[in-house]
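Shown next, in structure tokens, is the structure this report addresses.
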Amino acid sequence: MRYYFDLRDGDILTPDEVGLELSSFHAAQEEAARSLADLAREALRTHHIDGAGGLIAVEVRDDEGPVLQARFSVNVDRKL
């Protein structure tokens with residue numbers, strides 16, 4: 001089955017137009033977890049966040065519609 005991994009950074013949604021052919025829902029869930037970890041790492045490295053940040057999410061869908069959302073809320077408390 002083909003799964004699409006749309007990326008959300010706050011209000012910005014970047015749709016996946018290509019998708020990945022995966023063997024199962026579990027494989028799609030694993031891919032979403034890996035993608036979310038990469039997005040979270042990048043957000044903490046590059047965003048200038050102070051206090052409550054934004055929602056970062058991987059929204060997974062198949063040809064019939066949404067199947068999973070994995071999300072991460074970024075919050076940074078600066079002590080400087």
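Note on naming: chains are A, B, ... as they come in the structure tokens, residues start from 1 per chain, ligands start from 1 in the order shown.
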Practice prompt. Skip Ala40 of chain A itself and residues of its chain fewer than 3 positions away, then list as a PyMOL selection string all residues within 10 Å of it, counting only C-alpha atoms.
Written response: chain A and resi 9+35-37+43-45+55-57+71-74
Item to complete: Within 12 Å of Val58 of chain A, counting only C-alpha atoms, which residues show up once you throw out same-chain ones fewer than 2 positions away? Write them as a PyMOL selection string, please.
Response: chain A and resi 3-10+12-16+28-40+55-56+60-61+66-73
Writer output for current selection, N, CA and C atoms, as a short mmCIF file (atom, residue, chain, number, x, y, z; two decimals), in the first residue's frame:
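Writing the result to result01.cif gives the following:
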```
data_model
loop_
_atom_site.label_atom_id
_atom_site.label_comp_id
_atom_site.auth_asym_id
_atom_site.auth_seq_id
_atom_site.Cartn_x
_atom_site.Cartn_y
_atom_site.Cartn_z
N TYR A 3 1.70 4.97 1.17
CA TYR A 3 1.45 5.91 2.25
C TYR A 3 2.13 7.23 1.93
N TYR A 4 1.46 8.32 2.31
CA TYR A 4 1.97 9.66 2.08
C TYR A 4 2.26 10.30 3.44
N PHE A 5 3.39 10.97 3.55
CA PHE A 5 3.85 11.54 4.81
C PHE A 5 3.90 13.06 4.68
N ASP A 6 2.78 13.70 5.02
CA ASP A 6 2.70 15.16 4.96
C ASP A 6 3.37 15.72 6.21
N LEU A 7 4.14 16.79 6.04
CA LEU A 7 4.88 17.37 7.15
C LEU A 7 4.24 18.69 7.56
N ARG A 8 4.02 18.84 8.87
CA ARG A 8 3.43 20.07 9.40
C ARG A 8 4.42 20.72 10.35
N ASP A 9 4.64 22.03 10.12
CA ASP A 9 5.47 22.84 11.00
C ASP A 9 4.64 24.06 11.35
N GLY A 10 3.99 24.02 12.51
CA GLY A 10 3.06 25.09 12.88
C GLY A 10 1.88 25.09 11.92
N ILE A 12 2.17 25.58 8.68
CA ILE A 12 2.63 25.24 7.33
C ILE A 12 2.56 23.73 7.12
N LEU A 13 1.82 23.33 6.10
CA LEU A 13 1.70 21.92 5.75
C LEU A 13 2.38 21.70 4.40
N THR A 14 3.31 20.75 4.38
CA THR A 14 4.00 20.39 3.14
C THR A 14 3.52 18.99 2.75
N PRO A 15 2.66 18.91 1.73
CA PRO A 15 2.12 17.60 1.35
C PRO A 15 3.17 16.75 0.62
N ASP A 16 3.09 15.47 0.87
CA ASP A 16 3.92 14.47 0.19
C ASP A 16 3.17 14.06 -1.06
N ALA A 28 4.41 1.91 8.13
CA ALA A 28 4.13 3.34 7.99
C ALA A 28 4.30 4.06 9.32
N GLN A 29 3.88 3.43 10.40
CA GLN A 29 4.03 4.02 11.73
C GLN A 29 5.51 4.17 12.08
N GLU A 30 6.31 3.17 11.75
CA GLU A 30 7.76 3.24 11.99
C GLU A 30 8.40 4.38 11.18
N GLU A 31 8.00 4.52 9.93
CA GLU A 31 8.52 5.60 9.08
C GLU A 31 8.11 6.96 9.63
N ALA A 32 6.87 7.09 10.11
CA ALA A 32 6.41 8.34 10.71
C ALA A 32 7.24 8.68 11.95
N ALA A 33 7.55 7.69 12.77
CA ALA A 33 8.36 7.91 13.97
C ALA A 33 9.76 8.39 13.60
N ARG A 34 10.36 7.78 12.60
CA ARG A 34 11.70 8.21 12.16
C ARG A 34 11.66 9.64 11.61
N SER A 35 10.65 9.91 10.81
CA SER A 35 10.52 11.25 10.23
C SER A 35 10.30 12.31 11.30
N LEU A 36 9.46 11.99 12.28
CA LEU A 36 9.19 12.94 13.36
C LEU A 36 10.43 13.20 14.19
N ALA A 37 11.22 12.18 14.47
CA ALA A 37 12.47 12.37 15.21
C ALA A 37 13.41 13.29 14.45
N ASP A 38 13.50 13.11 13.15
CA ASP A 38 14.35 13.98 12.33
C ASP A 38 13.84 15.42 12.36
N LEU A 39 12.52 15.60 12.24
CA LEU A 39 11.94 16.95 12.26
C LEU A 39 12.17 17.63 13.61
N ALA A 40 11.99 16.89 14.70
CA ALA A 40 12.18 17.45 16.04
C ALA A 40 13.63 17.87 16.24
N LEU A 55 3.64 23.26 16.89
CA LEU A 55 3.38 21.86 16.63
C LEU A 55 4.18 21.42 15.42
N ILE A 56 4.86 20.31 15.55
CA ILE A 56 5.54 19.67 14.43
C ILE A 56 4.91 18.29 14.32
N VAL A 60 0.08 11.07 8.26
CA VAL A 60 0.17 9.96 7.31
C VAL A 60 -1.22 9.68 6.74
N ARG A 61 -1.24 9.50 5.43
CA ARG A 61 -2.49 9.15 4.76
C ARG A 61 -2.21 8.09 3.70
N PRO A 66 -6.70 10.02 5.80
CA PRO A 66 -5.78 10.02 6.94
C PRO A 66 -5.79 8.69 7.69
N VAL A 67 -4.59 8.26 8.15
CA VAL A 67 -4.49 7.02 8.94
C VAL A 67 -3.74 7.23 10.25
N LEU A 68 -2.93 8.30 10.37
CA LEU A 68 -2.10 8.47 11.55
C LEU A 68 -1.56 9.89 11.59
N GLN A 69 -1.47 10.45 12.80
CA GLN A 69 -0.74 11.70 13.00
C GLN A 69 0.22 11.49 14.17
N ALA A 70 1.50 11.72 13.91
CA ALA A 70 2.51 11.69 14.97
C ALA A 70 2.95 13.13 15.16
N ARG A 71 2.92 13.65 16.41
CA ARG A 71 3.23 15.06 16.60
C ARG A 71 4.17 15.28 17.77
N PHE A 72 4.80 16.43 17.72
CA PHE A 72 5.79 16.83 18.70
C PHE A 72 5.59 18.32 18.94
N SER A 73 5.47 18.70 20.19
CA SER A 73 5.33 20.11 20.52
C SER A 73 6.68 20.62 21.03
#
```
Practice prompt. Determine which residues of segment 1-51 of chain A DSSP labels as helix (DSSP H, G or I) from the backbone of this structure, then write them out as number ranges by chain.
Written response: A: 25-46
The selected residues should be written to file as a compact mmCIF listing (two decimals), in the first residue's frame (atoms: C-alpha atoms).
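Final file, out_33.txt:
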```
# COMPACT_ATOMS: atom_id res chain seq x y z
CA PHE A 25 0.41 0.07 8.67
CA HIS A 26 3.12 -0.83 11.20
CA ALA A 27 5.83 -0.02 8.62
CA ALA A 28 4.13 3.34 7.99
CA GLN A 29 4.03 4.02 11.73
CA GLU A 30 7.76 3.24 11.99
CA GLU A 31 8.52 5.60 9.08
CA ALA A 32 6.41 8.34 10.71
CA ALA A 33 8.36 7.91 13.97
CA ARG A 34 11.70 8.21 12.16
CA SER A 35 10.52 11.25 10.23
CA LEU A 36 9.19 12.94 13.36
CA ALA A 37 12.47 12.37 15.21
CA ASP A 38 14.35 13.98 12.33
CA LEU A 39 11.94 16.95 12.26
CA ALA A 40 12.18 17.45 16.04
CA ARG A 41 15.98 17.35 15.96
CA GLU A 42 16.07 19.88 13.11
CA ALA A 43 13.54 22.17 14.82
CA LEU A 44 15.57 22.31 18.02
CA ARG A 45 18.78 22.97 16.08
CA THR A 46 17.55 25.66 13.70
```
